[in-house]
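See below for the structure under consideration.
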Amino acid sequence: MAGLTDALDVSLEVGELVQRSGGHTTRTVDAMVRTARSLGAVECDCAISSVNVAITIGDGRGGWLSGGRNAGRFGIDFSTLAAVRNLVTETEENGLTAGEVRSRLAVIRGAAPPYPVPVVMLALGASSAAFAALFHAPALAIGLTFLGGWAGAWTRHAIAGRGQPPFVFVTAAAFVAAAIVALGGQMLQIGAGLDPALAACTLFLVPGVPLLNGTADLLTSHYLNGLVKLAMSAVIVAAAAVGLTVAIALVGAVT
């Protein structure tokens with residue numbers, strides 16, 4: 001049973017990493033089952049919820065083990081998803097031991113982000129400004145959108161890093177971004193050209209990955225998980241709308 005225990009622990013860690021990094025349910029199940037079978041399990045059954053991953057594995061001779069892990073804090077980390085996928089494939093092809101897989105998983109967990117945080121914040125500001133340009137905003141409004149997107153991205157990063165829920169950090173980020181654009185537009189007297197800038201300054205908050213994962217779960221019959229992800233997406237969109245509305249109302253009242 002020792003080998004079965006190792007297969008259980010490692011497959012749970014793989015599933016937790018995939019789920020926390022933004023993998024949809026089918027991807028999580030596939031990674032866990034492939035890992036468990038590569039490490040000696042003969043039979044595998046997974047149960048994935050919005051906050052937990054669980055698996056039951058058997059050795060084909062009547063021995064069974066079950067376990068679960070919490071994986072409730074969702075994130076988006078495609079580097080981790082790619083690294084785990086490659087590790088699972090290598091485990092299948094090269095017969096890595098449970099100890100070797102654990103060591104590699106520890107490296108994946110401790111890996112530094114592929115891009116420095118300040119660079120990511122600048123890129124988010126630039127992407128917001130690019131959308132404003134696509135919406136035919138004037139040059140001054142594009143500059144304000146860059147500044148607002150950059151400041152809003154930093155706000156989201158700082159508050160999310162303290163473990164606050166999405167409604168809090170998304171509302172705050174949208175408020176900061178929209179307040180900078182709205183106040184700057186009033187001071188520079190941009191006028192109607194400010195509308196596309198206000199629309200673009202919070203686009204970095206659009207929950208694209210949860211929407212895609214929720215849809216993928218619905219299409220693969222994981223209905224409950226899909227509805228949870230779509231509901232989380234709706235909360236994020238509503239929070240961005242609240243922050244944007246409050247910022248515009250306050251700036252209008254002050255000016």
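Residues are named by chain letter and number: chains run A, B, ... in the order of the structure tokens, numbers start at 1 in each chain, and ligands are numbered from 1 in the order shown.
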### Message
Report as a PyMOL selection string all protein, DNA and RNA residues lying within 9 Å of Phe131 (chain A), evaluated on only C-alpha atoms, omitting residues in the same chain fewer than 5 positions from it.
### Response
chain A and resi 126+136-137+142+145+196-197+199-201+203
Keeping only C-alpha atoms, write the selected residues to a file as a PDB file, in the first residue's frame.
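Dumped everything to again.pdb:
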ATOM      1  CA  ALA A 126      -0.486  49.543 -22.172  1.00  0.00           C
ATOM      2  CA  HIS A 136     -10.796  56.154 -31.280  1.00  0.00           C
ATOM      3  CA  ALA A 137     -10.048  58.025 -28.060  1.00  0.00           C
ATOM      4  CA  ILE A 142      -5.198  57.316 -24.303  1.00  0.00           C
ATOM      5  CA  THR A 145      -6.163  55.252 -19.846  1.00  0.00           C
ATOM      6  CA  PRO A 196     -13.918  55.378 -24.783  1.00  0.00           C
ATOM      7  CA  ALA A 197     -11.147  55.876 -22.223  1.00  0.00           C
ATOM      8  CA  ALA A 199     -14.751  52.053 -21.179  1.00  0.00           C
ATOM      9  CA  ALA A 200     -11.198  50.808 -21.759  1.00  0.00           C
ATOM     10  CA  CYS A 201      -9.549  51.590 -18.410  1.00  0.00           C
ATOM     11  CA  LEU A 203     -10.929  46.031 -19.425  1.00  0.00           C
TER      12      LEU A 203
END
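By chain and then residue number, the residues within 7 Å of Ala240 (chain A) are Val170, Thr171, Ala174, Ile236, Val237, Gly243 and Leu244 of chain A, counting only C-alpha atoms and disregarding those fewer than 3 positions away in sequence.
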With N, CA and C atoms kept, could you save the residues just selected as an mmCIF file, in the first residue's frame?
data_model
loop_
_atom_site.group_PDB
_atom_site.id
_atom_site.type_symbol
_atom_site.label_atom_id
_atom_site.label_comp_id
_atom_site.auth_asym_id
_atom_site.auth_seq_id
_atom_site.Cartn_x
_atom_site.Cartn_y
_atom_site.Cartn_z
ATOM 1 N N VAL A 170 -11.527 43.805 -7.031
ATOM 2 C CA VAL A 170 -11.969 44.252 -8.357
ATOM 3 C C VAL A 170 -12.665 45.606 -8.249
ATOM 4 N N THR A 171 -13.514 45.780 -7.239
ATOM 5 C CA THR A 171 -14.181 47.068 -7.050
ATOM 6 C C THR A 171 -13.159 48.172 -6.833
ATOM 7 N N ALA A 174 -11.190 48.915 -10.141
ATOM 8 C CA ALA A 174 -12.009 49.656 -11.103
ATOM 9 C C ALA A 174 -12.209 51.093 -10.646
ATOM 10 N N ILE A 236 -17.358 39.311 -10.626
ATOM 11 C CA ILE A 236 -16.244 40.179 -11.032
ATOM 12 C C ILE A 236 -16.737 41.304 -11.935
ATOM 13 N N VAL A 237 -17.595 40.973 -12.895
ATOM 14 C CA VAL A 237 -18.132 42.003 -13.788
ATOM 15 C C VAL A 237 -18.957 43.015 -13.003
ATOM 16 N N GLY A 243 -17.352 49.716 -9.086
ATOM 17 C CA GLY A 243 -16.212 50.609 -8.938
ATOM 18 C C GLY A 243 -16.203 51.722 -9.966
ATOM 19 N N LEU A 244 -16.502 51.372 -11.210
ATOM 20 C CA LEU A 244 -16.533 52.359 -12.290
ATOM 21 C C LEU A 244 -17.623 53.405 -12.041
#
Per-residue nearest contacts of region 1-84 of chain A to region 92-115 of chain A (8 Å; only C-alpha atoms) as a Markdown table:
| residue | atom | partner | partner_atom | distance |
| --- | --- | --- | --- | --- |
| A:Asp6 | CA | A:Ala98 | CA | 6.1 |
| A:Ala7 | CA | A:Ala98 | CA | 6.8 |
| A:Val10 | CA | A:Arg102 | CA | 6.6 |
| A:Val14 | CA | A:Leu105 | CA | 7.8 |
| A:Arg34 | CA | A:Glu92 | CA | 7.5 |
| A:Thr35 | CA | A:Glu92 | CA | 7.5 |
| A:Ser38 | CA | A:Glu92 | CA | 5.4 |
| A:Leu39 | CA | A:Ala98 | CA | 6.6 |
| A:Ser79 | CA | A:Pro114 | CA | 7.5 |
| A:Thr80 | CA | A:Ile108 | CA | 6.6 |
| A:Ala83 | CA | A:Ile108 | CA | 6.9 |
| A:Val84 | CA | A:Leu105 | CA | 7.6 |
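The smallest atom-to-atom distance between Thr220 (chain A) and any of A:Leu122, A:Ala177, A:Val29, A:Ala238, using only C-alpha atoms, is found for A:Val29.
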### Query
Of the candidates A:Gln19, A:Thr28, A:Asn86, A:Ser66, which one gets nearest to Ala41 (chain A) if we count only C-alpha atoms?
A:Ser66
#### Entry: Shell around Asn213 (chain A) at 9 Å using only C-alpha atoms, local window under 6 positions removed, as a PyMOL selection string
chain A and resi 22-25+226+229-230
#### Entry: Non-local contacts of Cys44 (chain A) (9 Å; only C-alpha atoms; under 5 positions in same chain excluded) as a list in words
Met32, Val33, Ala36, Arg37, Ile55, Thr56, Ile57 and Gly58 of chain A
### Query
Of the residues A:Val168, A:Val51, A:Ala249, A:Leu65, which is the one nearest to Val235 (chain A), using only C-alpha atoms?
A:Val168
### Query
Skipping near chain neighbours, those fewer than 5 positions away, what residues fall within 12 Å of Ala82 (chain A) using only C-alpha atoms, listed as an MDAnalysis selection string?
chainID A and resid 17:18 21:23 27 31 76:77 87:89 108
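Compared by their closest atoms to Gly252 (chain A), and using only C-alpha atoms, the residues A:Leu211, A:Ala172, A:Val206, A:Met187 rank with A:Met187 nearest.
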### Message
as a count of residues only, please: the residues near Val228 (chain A) (cut-off 9 Å, only C-alpha atoms, same-chain neighbours under 5 positions excluded).
### Response
4
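CA of Val251 (chain A) lies 6.6 Å from CA of Ala182 (chain A).
Distances to Met232 (chain A) were evaluated for A:Gly208, A:Ala253, A:Ala192, A:Ala216 using only C-alpha atoms, and the minimum falls at A:Gly208.
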### Task
Grab the CA of Phe74 (chain A) to CA of Val246 (chain A) distance for me, in Å with one decimal place.
26.9 Å
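The spacing separating CA of Ile180 (chain A) from CA of Gly161 (chain A) amounts to 22.3 Å.
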### Query
Where in region 62-126 of chain A does DSSP assign strand (DSSP E or B), given as a list in words?
Trp64, Leu65, Ser66, Gly67, Gly68, Arg69 and Asn70 of chain A
### Query
Got a sec to tell me which of region 9-255 of chain A DSSP assigns to helix (DSSP H, G or I), as a ChimeraX atom specification?
/A:9-20,25-38,78-94,98-110,117-134,139-160,166-188,191-200,203-205,208-219,223-254
